[in-house]
Structures are given as C-alpha cells and as structure tokens.
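Trainee: Have a peek at work_32.cif (mmCIF, C-alpha atoms and all ligand atoms).
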```cif
data_coords
loop_
_atom_site.label_atom_id
_atom_site.label_comp_id
_atom_site.auth_asym_id
_atom_site.auth_seq_id
_atom_site.Cartn_x
_atom_site.Cartn_y
_atom_site.Cartn_z
CA MET S 1 20.94 12.04 -17.07
CA GLY S 2 20.97 12.96 -13.36
CA GLU S 3 20.69 16.70 -14.01
CA MET S 4 17.71 16.21 -16.36
CA VAL S 5 15.45 14.86 -13.62
CA LYS S 6 12.93 17.52 -12.64
CA ARG S 7 10.25 15.93 -10.49
CA VAL S 8 10.07 13.16 -7.92
CA HIS S 9 6.53 11.81 -7.54
CA ALA S 10 5.36 9.91 -4.49
CA VAL S 11 2.31 8.02 -5.78
CA TRP S 12 0.37 5.91 -3.29
CA PHE S 13 -2.76 4.07 -2.24
CA SER S 14 -2.80 3.97 1.55
CA PRO S 15 -5.98 3.41 3.59
CA THR S 16 -4.18 3.21 6.95
CA GLY S 17 -1.19 5.42 6.12
CA THR S 18 1.82 3.07 6.23
CA THR S 19 2.32 3.10 2.45
CA GLN S 20 2.08 6.88 2.35
CA VAL S 21 4.74 7.35 5.05
CA THR S 22 7.16 4.96 3.35
CA VAL S 23 6.70 6.16 -0.23
CA GLU S 24 6.96 9.83 0.73
CA ALA S 25 10.10 9.14 2.79
CA VAL S 26 11.78 7.40 -0.17
CA ALA S 27 10.80 10.27 -2.50
CA LYS S 28 12.02 12.94 -0.05
CA SER S 29 15.31 11.14 0.49
CA ILE S 30 15.85 11.13 -3.30
CA CYS S 31 15.00 14.85 -3.47
CA LYS S 32 17.49 15.61 -0.73
CA ASN S 33 20.25 13.56 -2.33
CA ILE S 34 19.79 14.73 -5.90
CA GLY S 35 19.72 18.41 -5.11
CA ALA S 36 18.05 21.76 -5.15
CA ASP S 37 16.25 21.85 -8.52
CA ILE S 38 14.09 18.83 -7.81
CA VAL S 39 10.37 19.27 -7.20
CA PHE S 40 8.58 16.89 -4.82
CA LYS S 41 5.01 15.90 -5.77
CA SER S 42 2.63 13.62 -3.94
CA LYS S 43 -0.25 11.85 -5.66
CA ASN S 44 -2.74 10.08 -3.42
CA PHE S 45 -5.00 7.61 -5.22
CA THR S 46 -6.63 6.15 -2.10
CA LEU S 47 -10.10 7.59 -2.73
CA ALA S 48 -12.26 6.37 -5.60
CA GLY S 49 -12.59 9.89 -7.06
CA GLU S 50 -8.81 10.19 -7.29
CA ARG S 51 -8.63 7.03 -9.37
CA GLU S 52 -10.79 8.50 -12.12
CA LYS S 53 -7.95 10.55 -13.65
CA THR S 54 -5.03 8.76 -15.29
CA PHE S 55 -1.53 9.24 -13.88
CA GLU S 56 0.94 10.42 -16.51
CA SER S 57 4.68 10.97 -16.22
CA ASN S 58 7.57 11.55 -18.62
CA GLU S 59 11.25 10.72 -19.00
CA ASN S 60 12.27 13.61 -16.72
CA ASP S 61 10.34 12.14 -13.79
CA ILE S 62 11.16 9.72 -11.00
CA VAL S 63 8.06 7.88 -9.79
CA ILE S 64 7.96 6.11 -6.43
CA LEU S 65 4.74 4.08 -6.55
CA GLY S 66 3.47 2.22 -3.51
CA VAL S 67 0.56 -0.08 -2.65
CA PRO S 68 -0.20 -2.33 0.31
CA VAL S 69 -0.08 -6.10 -0.15
CA TYR S 70 -3.56 -7.63 -0.10
CA ALA S 71 -3.73 -11.44 -0.06
CA GLY S 72 -0.13 -11.67 -1.24
CA ARG S 73 -0.80 -9.60 -4.34
CA VAL S 74 -1.42 -6.08 -5.64
CA PRO S 75 -4.93 -5.11 -4.40
CA ASN S 76 -7.19 -6.20 -7.26
CA ILE S 77 -9.43 -3.13 -6.95
CA LEU S 78 -6.41 -1.06 -8.13
CA LEU S 79 -5.67 -2.99 -11.31
CA LYS S 80 -7.84 -0.83 -13.53
CA TYR S 81 -6.15 2.36 -12.33
CA LEU S 82 -2.62 0.93 -12.48
CA ASN S 83 -3.13 -0.55 -15.94
CA ALA S 84 -4.18 2.85 -17.27
CA MET S 85 -1.07 4.76 -16.07
CA ASN S 86 1.42 6.09 -18.57
CA GLY S 87 5.04 6.05 -17.48
CA ASN S 88 6.41 7.44 -20.77
CA GLY S 89 9.92 6.34 -19.82
CA ALA S 90 9.99 7.74 -16.27
CA LEU S 91 12.49 6.20 -13.87
CA ALA S 92 10.46 4.27 -11.34
CA VAL S 93 10.57 2.40 -8.04
CA PRO S 94 7.71 0.03 -7.12
CA ILE S 95 7.17 -0.35 -3.38
CA VAL S 96 4.88 -2.64 -1.40
CA LEU S 97 3.93 -2.50 2.27
CA TYR S 98 2.92 -5.72 4.02
CA GLY S 99 1.76 -6.57 7.52
CA ASN S 100 4.63 -8.88 8.60
CA ARG S 101 3.09 -12.05 7.09
CA ASN S 102 4.50 -12.11 3.55
CA TYR S 103 4.46 -10.02 0.41
CA ASP S 104 4.39 -13.16 -1.75
CA ASP S 105 4.12 -12.02 -5.41
CA ALA S 106 2.89 -8.47 -4.87
CA LEU S 107 6.18 -6.73 -5.64
CA ILE S 108 6.93 -8.66 -8.82
CA GLU S 109 3.32 -8.13 -9.94
CA LEU S 110 3.56 -4.38 -9.35
CA LYS S 111 6.89 -4.22 -11.17
CA ASP S 112 5.45 -6.12 -14.16
CA ILE S 113 2.43 -3.81 -14.35
CA MET S 114 4.66 -0.73 -14.24
CA GLU S 115 7.04 -2.09 -16.85
CA ASP S 116 4.07 -2.77 -19.12
CA ARG S 117 2.91 0.81 -18.63
CA GLY S 118 6.22 2.28 -19.82
CA PHE S 119 8.10 2.87 -16.56
CA ASN S 120 11.85 2.21 -16.39
CA ILE S 121 12.27 0.24 -13.15
CA ILE S 122 15.54 1.14 -11.38
CA ALA S 123 14.88 -0.33 -7.91
CA ALA S 124 12.11 -1.91 -5.84
CA GLY S 125 11.40 -2.54 -2.19
CA ALA S 126 9.16 -4.49 0.19
CA PHE S 127 8.57 -2.83 3.56
CA ILE S 128 6.55 -3.67 6.66
CA GLY S 129 3.61 -1.68 8.02
CA GLU S 130 1.24 -2.27 10.93
CA HIS S 131 -1.25 -4.86 9.75
CA SER S 132 -4.59 -3.44 8.56
CA PHE S 133 -6.43 -6.11 10.58
CA SER S 134 -4.58 -5.59 13.85
CA LYS S 135 -3.28 -3.08 16.38
CA ILE S 136 -0.48 -5.39 17.56
CA LEU S 137 0.87 -7.10 14.42
CA ALA S 138 3.84 -5.01 13.23
CA GLU S 139 2.56 -2.39 15.67
CA GLY S 140 3.70 1.14 14.92
CA ARG S 141 5.65 0.20 11.78
CA PRO S 142 7.21 1.72 9.81
CA ASP S 143 9.24 2.73 12.88
CA GLY S 144 12.54 4.56 13.31
CA LYS S 145 14.58 1.58 12.21
CA ASP S 146 12.46 1.17 9.06
CA ILE S 147 12.74 4.85 8.20
CA GLY S 148 16.53 4.62 8.53
CA ILE S 149 16.48 1.83 5.91
CA VAL S 150 14.06 3.83 3.75
CA GLU S 151 16.44 6.79 3.77
CA SER S 152 19.49 4.75 2.85
CA PHE S 153 17.41 3.17 0.05
CA GLY S 154 16.73 6.71 -1.21
CA THR S 155 20.46 7.45 -1.10
CA GLN S 156 21.28 4.29 -3.07
CA ILE S 157 18.65 5.13 -5.69
CA SER S 158 20.04 8.66 -6.01
CA GLU S 159 23.59 7.36 -6.51
CA LYS S 160 22.33 5.06 -9.22
CA ILE S 161 20.65 7.98 -11.00
CA LYS S 162 23.66 10.29 -10.61
CA ASP S 163 25.96 7.56 -11.99
CA ASP S 164 23.49 7.02 -14.85
CA LYS S 165 23.27 3.28 -14.13
CA VAL S 166 19.59 3.13 -14.98
CA ASP S 167 19.45 0.67 -17.87
CA GLY S 168 19.98 -2.56 -15.97
CA CYS S 169 17.43 -5.18 -15.14
CA ILE S 170 16.17 -5.64 -11.57
CA ASP S 171 15.66 -9.13 -10.17
CA ILE S 172 12.74 -9.22 -7.77
CA LYS S 173 11.68 -12.00 -5.42
CA GLY S 174 8.41 -13.65 -6.41
CA ASP S 175 6.91 -16.49 -8.46
CA LYS S 176 5.78 -16.49 -12.06
CA PRO S 177 3.06 -17.36 -12.77
CA TYR S 178 1.95 -15.52 -9.64
CA ARG S 179 0.51 -17.56 -6.79
CA ALA S 180 -3.27 -17.30 -6.31
CA TYR S 181 -4.68 -14.71 -3.90
CA TYR S 182 -4.04 -15.87 -0.33
CA ARG S 183 -7.31 -17.14 1.21
CA PRO S 184 -8.04 -17.52 4.90
CA ARG S 185 -9.93 -20.54 6.29
CA ASP S 186 -12.91 -20.71 8.62
CA LEU S 187 -13.20 -22.55 11.94
CA GLU S 188 -13.71 -25.86 10.10
CA GLY S 189 -10.65 -25.32 7.93
CA ASN S 190 -12.59 -24.50 4.74
CA PHE S 191 -11.92 -21.47 2.57
CA TYR S 192 -14.56 -18.86 3.22
CA ASP S 193 -15.84 -15.81 1.46
CA PHE S 194 -14.13 -12.86 3.11
CA ARG S 195 -15.83 -10.38 0.79
CA LYS S 196 -19.17 -10.30 2.53
CA ILE S 197 -17.70 -9.34 5.93
CA LYS S 198 -18.25 -5.68 6.87
CA PRO S 199 -17.44 -3.60 9.95
CA LYS S 200 -20.23 -2.78 12.42
CA THR S 201 -20.79 0.55 14.20
CA ASN S 202 -21.39 0.85 17.95
CA GLU S 203 -23.15 3.51 20.07
CA ASN S 204 -19.94 5.55 20.55
CA CYS S 205 -20.45 6.95 17.05
CA THR S 206 -20.84 10.75 17.05
CA ASP S 207 -21.87 10.84 13.37
CA CYS S 208 -18.80 12.95 12.46
CA LYS S 209 -18.71 11.33 8.95
CA ILE S 210 -14.91 10.93 8.90
CA CYS S 211 -15.39 7.29 7.89
CA VAL S 212 -17.62 8.36 4.99
CA ASP S 213 -14.88 10.67 3.70
CA ILE S 214 -11.98 8.21 4.01
CA CYS S 215 -13.48 4.93 2.77
CA PRO S 216 -11.47 4.11 -0.39
CA MET S 217 -14.50 2.46 -1.93
CA GLY S 218 -16.88 5.32 -1.04
CA SER S 219 -19.05 2.60 0.48
CA ILE S 220 -20.20 4.08 3.80
CA ASP S 221 -23.68 5.61 3.64
CA SER S 222 -23.49 9.25 4.76
CA ASP S 223 -27.16 9.29 5.84
CA ASP S 224 -26.57 6.33 8.15
CA VAL S 225 -22.90 5.48 8.70
CA SER S 226 -23.75 1.97 9.92
CA LYS S 227 -25.04 1.18 6.42
CA PHE S 228 -23.20 0.46 3.14
CA THR S 229 -23.70 1.67 -0.39
CA GLY S 230 -20.99 -0.52 -1.93
CA ILE S 231 -18.37 -3.18 -1.24
CA CYS S 232 -15.96 -3.32 1.71
CA ILE S 233 -12.35 -4.38 1.04
CA LYS S 234 -11.51 -4.65 4.79
CA CYS S 235 -8.83 -1.97 4.33
CA GLY S 236 -9.02 -0.97 8.00
CA ALA S 237 -9.29 2.79 7.40
CA CYS S 238 -12.66 3.32 9.09
CA ILE S 239 -11.66 1.08 12.01
CA LYS S 240 -8.30 2.74 12.66
CA LYS S 241 -9.31 6.33 11.88
CA CYS S 242 -12.64 6.59 13.70
CA PRO S 243 -11.84 9.06 16.51
CA VAL S 244 -14.05 7.25 19.04
CA GLY S 245 -13.36 3.63 18.05
CA ALA S 246 -16.96 3.04 16.97
CA LYS S 247 -16.18 0.68 14.05
CA TYR S 248 -15.45 -2.97 14.78
CA TYR S 249 -15.74 -6.49 13.36
CA ASP S 250 -17.70 -9.23 15.08
CA ASP S 251 -17.51 -11.88 12.36
CA VAL S 252 -16.06 -15.02 13.97
CA ASN S 253 -14.06 -15.98 10.88
CA TYR S 254 -12.56 -12.52 10.56
CA LEU S 255 -11.56 -12.54 14.23
CA LYS S 256 -10.12 -16.06 13.92
CA HIS S 257 -8.02 -14.95 10.95
CA GLN S 258 -6.88 -11.81 12.78
CA HIS S 259 -5.75 -13.79 15.85
CA GLU S 260 -4.07 -16.43 13.71
CA LEU S 261 -2.11 -13.77 11.85
CA GLU S 262 -1.08 -12.16 15.14
CA ASP S 263 0.03 -15.51 16.62
CA GLU S 264 1.87 -16.84 13.58
CA ASN S 265 3.80 -13.74 12.53
CA LYS S 266 5.41 -12.53 15.75
CA ASN S 267 8.97 -12.58 14.37
CA ARG S 268 9.95 -9.19 13.06
CA LYS S 269 10.54 -9.15 9.31
CA GLU S 270 12.87 -6.58 7.79
CA PRO S 271 12.61 -4.53 4.58
CA GLU S 272 13.99 -6.11 1.40
CA LEU S 273 15.61 -3.84 -1.16
CA PHE S 274 16.21 -4.70 -4.81
CA ILE S 275 18.66 -2.38 -6.53
C1 LIG S 301 -7.50 -7.21 2.54
C2 LIG S 301 -6.11 -7.17 3.10
C3 LIG S 301 -5.22 -8.20 2.82
C4 LIG S 301 -3.93 -8.18 3.34
N1 LIG S 301 -3.06 -9.18 2.99
C5 LIG S 301 -1.81 -9.19 3.51
C6 LIG S 301 -0.89 -10.24 3.17
O1 LIG S 301 -1.16 -11.10 2.33
N2 LIG S 301 0.34 -10.26 3.77
C7 LIG S 301 0.69 -9.31 4.70
O2 LIG S 301 1.78 -9.41 5.26
N3 LIG S 301 -0.13 -8.25 4.98
C8 LIG S 301 -1.36 -8.17 4.41
N4 LIG S 301 -2.21 -7.13 4.69
C9 LIG S 301 -1.71 -6.03 5.55
C10 LIG S 301 -1.27 -4.79 4.76
O3 LIG S 301 -0.55 -5.15 3.61
C11 LIG S 301 -0.39 -3.87 5.62
O4 LIG S 301 -0.95 -3.67 6.88
C12 LIG S 301 -0.09 -2.53 4.97
O5 LIG S 301 0.93 -1.92 5.74
C13 LIG S 301 -1.29 -1.61 4.89
O6 LIG S 301 -0.98 -0.46 4.13
P1 LIG S 301 -1.68 0.98 4.37
O7 LIG S 301 -1.31 1.42 5.78
O8 LIG S 301 -1.04 1.86 3.37
O9 LIG S 301 -3.15 0.82 4.23
C14 LIG S 301 -3.50 -7.12 4.19
C15 LIG S 301 -4.41 -6.09 4.45
C16 LIG S 301 -5.68 -6.10 3.93
C17 LIG S 301 -6.61 -4.96 4.22
S1 LIG S 302 -15.77 8.04 12.01
FE1 LIG S 302 -16.61 6.94 13.80
S2 LIG S 302 -17.72 8.51 14.94
FE2 LIG S 302 -17.35 9.36 12.90
S3 LIG S 302 -19.22 8.82 11.77
FE3 LIG S 302 -17.76 7.19 11.40
S4 LIG S 302 -18.22 5.62 12.96
FE4 LIG S 302 -19.21 7.53 13.61
S1 LIG S 303 -15.99 0.21 5.03
FE1 LIG S 303 -14.48 -1.34 4.44
S2 LIG S 303 -13.51 -0.45 2.61
FE2 LIG S 303 -14.56 1.24 3.66
S3 LIG S 303 -13.03 2.15 5.05
FE3 LIG S 303 -14.13 0.59 6.23
S4 LIG S 303 -12.88 -1.26 6.02
FE4 LIG S 303 -12.25 0.13 4.37
#
```
Here is the file; what I need is its structure written in the form of structure tokens.
Ligand SMILES: Cc1cc2nc3c(=O)[nH]c(=O)nc-3n(C[C@H](O)[C@H](O)[C@H](O)COP(=O)(O)O)c2cc1C
Ligand code: SF4
Ligand code: SF4
Mentor:
Amino acid sequence: MGEMVKRVHAVWFSPTGTTQVTVEAVAKSICKNIGADIVFKSKNFTLAGEREKTFESNENDIVILGVPVYAGRVPNILLKYLNAMNGNGALAVPIVLYGNRNYDDALIELKDIMEDRGFNIIAAGAFIGEHSFSKILAEGRPDGKDIGIVESFGTQISEKIKDDKVDGCIDIKGDKPYRAYYRPRDLEGNFYDFRKIKPKTNENCTDCKICVDICPMGSIDSDDVSKFTGICIKCGACIKKCPVGAKYYDDVNYLKHQHELEDENKNRKEPELFI
C-alpha cells in the first residue's frame, strides 16, 4: 500500500493563514517521510472562485484537509463545497485550527463530512492558531513548538501508511448530535446577531485593493473599498492583511466579545492528535 501512494494534497481554507501553515507542514512532513516518488500538491479553496470547481482525489492520494473552527463548528459557508468533494477512497486526515477557545464539534463534523464523501480517515488533529478576532489571543501560533508537534504527527501518519494500518476506525473528541453554533452575547447578556457586523475603513487606506482580492466572500467593493457587495463572515483577512492597518471594527458587541475571548482563554492549549 505505502508504495502505491503518489500524491499528498494539502487542501485548505485559510483567511488569516494559520490553517495553511499547519496543513502544508503536515503534508510536507508526510512527503519527507514516505520518500522520493511522492508529489506535493496544495489546493487553496479560500477564495469564492476556487470553490466553484469540485475537489476530486483517488485511492492513490493522501489528502490533508484543513479548515478553521468558526463558532465551534466547520464554517457553514464551506458546507456546499465540502459536501461536493469526491474522496474516491483516498487516505485522509481532517485538521481544524482554532483560536485557543475550543474546537467543540468542528473536528468530528469535518471527519463525518469527509467520510460521507468517500475519504478513508486515518488520523485527525486539532491545532491552535492566532485568533481571527485578535492580535494577542494565541499570538503568533502556530509557533515553533506547534510545528514540532505537526512534524511528529506527519511522521506518525507516515508510519501508519508504511505499515499498512489504514483500515481502523478513528475516535475523535466531540458530541453527536453536534452542539449548536457557539453564539456570543451582547452587553445585556442576550444573544445578538453577529452577521450584520462589518469592518470599517479609516483614512490610512491607500486604495491598494489587497482586501478586495483576499476577501473569501468576494464582498469588498473594488470601486469603493469601504463598501460591501456581499456578506462578511468576520474572517479577519482584510483586518490582518491590510498593509496600513486601515480596516477595523467599532461595533461595541464585537469588541466586547473580542476582549472577553482574550481574557477568558489566556491558558495555552496544545494540539490534540487522533491516530
Ligand atoms: C467567525 C469566527 C468564529 C470563530 N470561532 C472560534 C471558536 O469557536 N473557537 C476558537 O477557539 N476559535 C474560533 N475562531 C478563531 C479561528 O478558528 C482561528 O483563529 C483560526 O486559527 C483561523 O484560521 P485561519 O488563520 O486559517 O483563518 C473563530 C474565527 C472566526 C472568524
Ligand atoms: S488593503 Fe487596506 S489600504 Fe489596501 S485597499 Fe484595502 S483597506 Fe485600503
Ligand atoms: S470583509 Fe469580512 S469576509 Fe471579507 S475579508 Fe474582511 S472580515 Fe473577511
């Protein structure tokens, strides 16, 4: 079995880059451990246009598929794309990145989707990345320590493939039925509608259009980058990637939630591997 594997695919949705780094590092570690004939491929489905084509693999492939955790679950805007993939018996490793709060049922949900789509799940992992809403919560993660764990995870996966121990069943932490999407509360303690919140643009903006190009929803108006042509999922890409820091939130409930997350999740969480 080991010698039949031809391609390792890193497949990822990653607005602020932490999922990309982690998934590619797992895939590269597998490539290195399995040997010279393996081809590394990276498939980025962050932008809306890249989610129009279906991802297909076959039984000679290893697919490392990663998404960030949104509200304790797989981001719902990705469900259509994920539910159209065809694994065709590929060996596969679901991975989630979360911002040091909790991954709740995101990993088990991703594993279930992939199993349904014909992937053969041989391992899974939950890793920590700097929180999309913050510059200080899980700041700079994945860091050196995380990448060390990522690489040993890749080694363990490779051993499992080489030893042909790929028919087992993987037990993953999470509830079934899945818990509801995690919902923040406003200043009065009531649930509030996070969906309508959008970033603002200040006078530092140089109109470079980077934010237009990187918005995963294609929602920033290129004629006037302070305007929107579609929904905002609060992914953090335009905020963190604007070269002059011109994008910001001023919504009081958003800021309350951000500060609460920062205050309540100071203890460093560590990656969890299922293999
Ligand atoms: C809308 C939204 C909801 C999120 N929900 C959670 C969550 O429930 N738990 C958590 O720990 N992190 C949560 N995060 C943080 C991201 O999962 C985390 O920062 C991840 O590393 C981002 O991945 P990326 O860098 O690939 O975009 C959320 C982020 C966003 C944008
Ligand atoms: S990335 Fe920043 S500077 Fe560039 S257009 Fe967007 S808001 Fe303006
Ligand atoms: S506008 Fe919203 S969805 Fe688009 S990049 Fe900014 S935070 Fe993400």
Trainee: Quick one: residues within 6 Å of ligand LIG 303 (chain S), with all atoms listed in the file, as a ChimeraX atom specification?
Mentor: /S:215-217,219-220,232-238
Trainee: Every residue with an atom at most 12 Å from (2.4, 5.9, 4.3) (file coordinates; all atoms listed in the file) is what I'm after, so could you write them as a PyMOL selection string?
Mentor: chain S and resi 10-27+42-44+46+65-68+95-98+127-130+140-143+147+150
Trainee: Write out the residues from the selection above, keeping C-alpha atoms, as a PDB file, keeping the file's coordinate frame.
Mentor:
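After the write, part-v1.pdb holds the following:
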```pdb
ATOM      1  CA  ALA S  10       5.360   9.910  -4.490  1.00  0.00           C
ATOM      2  CA  VAL S  11       2.310   8.020  -5.780  1.00  0.00           C
ATOM      3  CA  TRP S  12       0.370   5.910  -3.290  1.00  0.00           C
ATOM      4  CA  PHE S  13      -2.760   4.070  -2.240  1.00  0.00           C
ATOM      5  CA  SER S  14      -2.800   3.970   1.550  1.00  0.00           C
ATOM      6  CA  PRO S  15      -5.980   3.410   3.590  1.00  0.00           C
ATOM      7  CA  THR S  16      -4.180   3.210   6.950  1.00  0.00           C
ATOM      8  CA  GLY S  17      -1.190   5.420   6.120  1.00  0.00           C
ATOM      9  CA  THR S  18       1.820   3.070   6.230  1.00  0.00           C
ATOM     10  CA  THR S  19       2.320   3.100   2.450  1.00  0.00           C
ATOM     11  CA  GLN S  20       2.080   6.880   2.350  1.00  0.00           C
ATOM     12  CA  VAL S  21       4.740   7.350   5.050  1.00  0.00           C
ATOM     13  CA  THR S  22       7.160   4.960   3.350  1.00  0.00           C
ATOM     14  CA  VAL S  23       6.700   6.160  -0.230  1.00  0.00           C
ATOM     15  CA  GLU S  24       6.960   9.830   0.730  1.00  0.00           C
ATOM     16  CA  ALA S  25      10.100   9.140   2.790  1.00  0.00           C
ATOM     17  CA  VAL S  26      11.780   7.400  -0.170  1.00  0.00           C
ATOM     18  CA  ALA S  27      10.800  10.270  -2.500  1.00  0.00           C
ATOM     19  CA  SER S  42       2.630  13.620  -3.940  1.00  0.00           C
ATOM     20  CA  LYS S  43      -0.250  11.850  -5.660  1.00  0.00           C
ATOM     21  CA  ASN S  44      -2.740  10.080  -3.420  1.00  0.00           C
ATOM     22  CA  THR S  46      -6.630   6.150  -2.100  1.00  0.00           C
ATOM     23  CA  LEU S  65       4.740   4.080  -6.550  1.00  0.00           C
ATOM     24  CA  GLY S  66       3.470   2.220  -3.510  1.00  0.00           C
ATOM     25  CA  VAL S  67       0.560  -0.080  -2.650  1.00  0.00           C
ATOM     26  CA  PRO S  68      -0.200  -2.330   0.310  1.00  0.00           C
ATOM     27  CA  ILE S  95       7.170  -0.350  -3.380  1.00  0.00           C
ATOM     28  CA  VAL S  96       4.880  -2.640  -1.400  1.00  0.00           C
ATOM     29  CA  LEU S  97       3.930  -2.500   2.270  1.00  0.00           C
ATOM     30  CA  TYR S  98       2.920  -5.720   4.020  1.00  0.00           C
ATOM     31  CA  PHE S 127       8.570  -2.830   3.560  1.00  0.00           C
ATOM     32  CA  ILE S 128       6.550  -3.670   6.660  1.00  0.00           C
ATOM     33  CA  GLY S 129       3.610  -1.680   8.020  1.00  0.00           C
ATOM     34  CA  GLU S 130       1.240  -2.270  10.930  1.00  0.00           C
ATOM     35  CA  GLY S 140       3.700   1.140  14.920  1.00  0.00           C
ATOM     36  CA  ARG S 141       5.650   0.200  11.780  1.00  0.00           C
ATOM     37  CA  PRO S 142       7.210   1.720   9.810  1.00  0.00           C
ATOM     38  CA  ASP S 143       9.240   2.730  12.880  1.00  0.00           C
ATOM     39  CA  ILE S 147      12.740   4.850   8.200  1.00  0.00           C
ATOM     40  CA  VAL S 150      14.060   3.830   3.750  1.00  0.00           C
TER      41      VAL S 150
END
```
Trainee: So how far away is CA of Ala48 in chain S from CA of Gly218 in chain S, in Å?
Mentor: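 Answer for the CA of Gly218 in chain S to CA of Ala48 in chain S separation: 6.6 Å.
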Trainee: Would you list the contacts of Thr201 in chain S as a list in words, taking every protein, DNA or RNA residue within 6 Å and counting only C-alpha atoms, but skipping same-chain residues closer than 2 positions in sequence?
Mentor: Ser226, Ala246 and Lys247 of chain S
Trainee: Which is closer to ligand LIG 301 (chain S) than all the others in S:Ile239, S:Leu91, S:Cys205, S:Cys169, using all atoms listed in the file?
Mentor: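 The closest residue to ligand LIG 301 (chain S) is S:Ile239.
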Trainee: Excluding Asp171 in chain S and its own-chain neighbours fewer than 3 positions away, which residues fall within 12 Å of it when counting all atoms listed in the file? Please give them as a list in words.
Mentor: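 So, after excluding close chain neighbours, the residues are Leu107, Ile108, Lys111, Asp112, Ile121, Ile122, Ala123, Ala124, Gly125, Gly168, Gly174, Asp175, Leu273, Phe274 and Ile275 of chain S.
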